[in-house]
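Just coords_34.cif here, mmCIF, C-alpha atoms:
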data_work
#
loop_
_atom_site.label_atom_id
_atom_site.label_comp_id
_atom_site.auth_asym_id
_atom_site.auth_seq_id
_atom_site.Cartn_x
_atom_site.Cartn_y
_atom_site.Cartn_z
CA MET Y 1 140.12 109.62 -6.99
CA ASP Y 2 140.98 109.78 -10.67
CA LEU Y 3 138.48 112.56 -11.28
CA ASN Y 4 139.76 114.46 -8.27
CA TRP Y 5 143.32 114.20 -9.59
CA SER Y 6 142.34 115.24 -13.11
CA LEU Y 7 140.55 118.33 -11.82
CA THR Y 8 143.48 119.40 -9.66
CA ALA Y 9 146.47 118.22 -11.69
CA TRP Y 10 147.40 121.82 -12.46
CA LEU Y 11 148.15 122.30 -8.76
CA GLN Y 12 150.90 119.67 -8.75
CA ASP Y 13 154.17 121.14 -7.45
CA ARG Y 14 152.59 124.52 -6.70
CA THR Y 15 153.40 126.30 -3.46
CA ILE Y 16 151.21 128.21 -1.03
CA ASP Y 17 152.81 131.62 -0.70
CA VAL Y 18 150.73 133.38 1.93
CA PRO Y 19 151.25 133.37 5.70
CA SER Y 20 150.16 130.02 7.10
CA LEU Y 21 149.88 128.21 10.40
CA PHE Y 22 149.61 124.45 10.91
CA MET Y 23 147.81 123.04 13.94
CA ILE Y 24 147.39 119.39 14.75
CA GLY Y 25 146.10 117.43 17.70
CA GLU Y 26 148.57 115.45 19.72
CA ASN Y 27 146.35 112.38 19.30
CA ASP Y 28 145.20 112.96 15.71
CA PRO Y 29 144.96 109.52 14.05
CA VAL Y 30 145.82 111.01 10.66
CA ARG Y 31 149.39 111.32 11.91
CA HIS Y 32 149.69 107.51 11.70
CA TYR Y 33 149.62 107.55 7.91
CA ALA Y 34 150.39 111.17 6.95
CA GLY Y 35 152.58 112.35 9.81
CA ARG Y 36 155.75 112.14 7.75
CA HIS Y 37 154.42 115.02 5.64
CA GLU Y 38 154.30 117.38 8.62
CA LYS Y 39 158.03 118.02 8.47
CA ALA Y 40 157.94 118.63 4.70
CA GLN Y 41 155.31 121.38 4.88
CA ALA Y 42 157.90 124.14 4.81
CA ASP Y 43 158.78 122.96 1.29
CA TRP Y 44 155.38 123.99 -0.09
CA LEU Y 45 154.14 126.46 2.53
CA THR Y 46 156.68 129.17 1.74
CA ASP Y 47 155.56 131.47 4.57
CA LEU Y 48 154.84 128.91 7.29
CA ARG Y 49 154.75 130.92 10.50
CA GLY Y 50 154.30 128.06 12.93
CA MET Y 51 153.44 124.45 13.62
CA ILE Y 52 151.43 123.89 16.78
CA GLU Y 53 150.57 120.58 18.41
CA ILE Y 54 147.50 120.88 20.63
CA PRO Y 55 147.98 118.63 23.70
CA GLY Y 56 145.26 116.08 24.35
CA ALA Y 57 143.36 116.86 21.12
CA GLY Y 58 142.48 114.50 18.32
CA HIS Y 59 141.38 115.38 14.78
CA TRP Y 60 138.66 117.95 15.51
CA LEU Y 61 140.75 120.64 17.19
CA GLN Y 62 138.21 123.44 17.00
CA GLN Y 63 135.64 121.29 18.78
CA GLU Y 64 137.92 119.52 21.24
CA ARG Y 65 140.11 122.47 22.30
CA PRO Y 66 138.39 125.66 21.10
CA GLU Y 67 140.22 127.91 23.55
CA ALA Y 68 143.65 126.70 22.42
CA VAL Y 69 142.72 126.98 18.75
CA ASN Y 70 141.30 130.48 19.15
CA ALA Y 71 144.36 131.65 21.09
CA ALA Y 72 146.70 130.25 18.43
CA LEU Y 73 144.69 131.84 15.62
CA LEU Y 74 144.60 135.22 17.34
CA ASP Y 75 148.36 135.11 17.91
CA PHE Y 76 148.92 134.14 14.28
CA LEU Y 77 146.66 136.89 12.97
CA ALA Y 78 148.30 139.48 15.21
CA GLY Y 79 151.66 138.51 13.74
CA VAL Y 80 150.38 138.72 10.19
CA ARG Y 81 148.75 142.09 10.81
CA GLY Y 82 151.72 143.47 12.76
#

Would you mind writing the file's structure down as structure tokens?
Amino acid sequence: MDLNWSLTAWLQDRTIDVPSLFMIGENDPVRHYAGRHEKAQADWLTDLRGMIEIPGAGHWLQQERPEAVNAALLDFLAGVRG
């Protein structure tokens, strides 16, 4: 962990300034310890276009609900392109 931090310390307090979309599974266990950060994403994702919760999915959205993920990505990309 220390090496990881030292290699990425320059990223501290940086923002992501390109169009972004956040998707999470309704049953993703990561939400139990990191869920509070979901609401704060707009602070560092300056062009957050959407936050989508995929019903019935866990952590591996693209494998568990590929149709829902693909539809959301296509909608997002159409909005970015448009």

- Task: Could you tell me which residues the PyMOL selection byres ((chain Y and resi 57) around 6) returns for this structure, as JSON, numbers by chain?
- Result: {"Y": [25, 26, 27, 54, 55, 56, 58]}

- Return as a VMD selection string the set of residues that the PyMOL selection byres ((chain Y and resi 51) around 9) yields on the displayed structure. chain Y and resid 21 to 24 38 48 to 50 52 to 53

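Ranking Y:Asp17, Y:Met1, Y:Gly79, Y:Glu64 by their shortest atom-to-atom distance to Thr46 in chain Y, with all atoms listed in the file included, puts Y:Asp17 first.
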
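The neighbours of Ile16 in chain Y here are the residues that come within 10 Å of it, using all atoms listed in the file and leaving out any residue fewer than 5 positions away in the same chain; they are Gln41, Ala42, Asp43, Trp44, Leu45, Thr46, Asp47 and Leu48 of chain Y.
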
Taking all listed atoms of range 66-77 of chain Y, build the axis-aligned box, pad each of the six sides by 6 Å, then write its centre and edge lengths in Å to one decimal as JSON.
{"center_x": 143.7, "center_y": 131.3, "center_z": 18.3, "size_x": 22.5, "size_y": 23.2, "size_z": 22.6}

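The space between CA of Asp28 in chain Y and CA of His59 in chain Y spans 4.6 Å.
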
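Across the model, the gap from CA of Asp75 in chain Y to CA of Arg14 in chain Y is 27.1 Å.
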
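CA of Val30 in chain Y to CA of Val69 in chain Y spans 18.2 Å [interatomic distance, one decimal].
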
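With distances restricted to all atoms listed in the file, Y:Ser20 is the closest residue to Ala72 in chain Y from Y:Asp2, Y:Ser20, Y:Trp10, Y:Gly35.
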
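Comparing Y:His32, Y:Thr8, Y:Pro19, Y:Asp13 by their smallest distance to Leu73 in chain Y, the closest is Y:Pro19 (using only C-alpha atoms).
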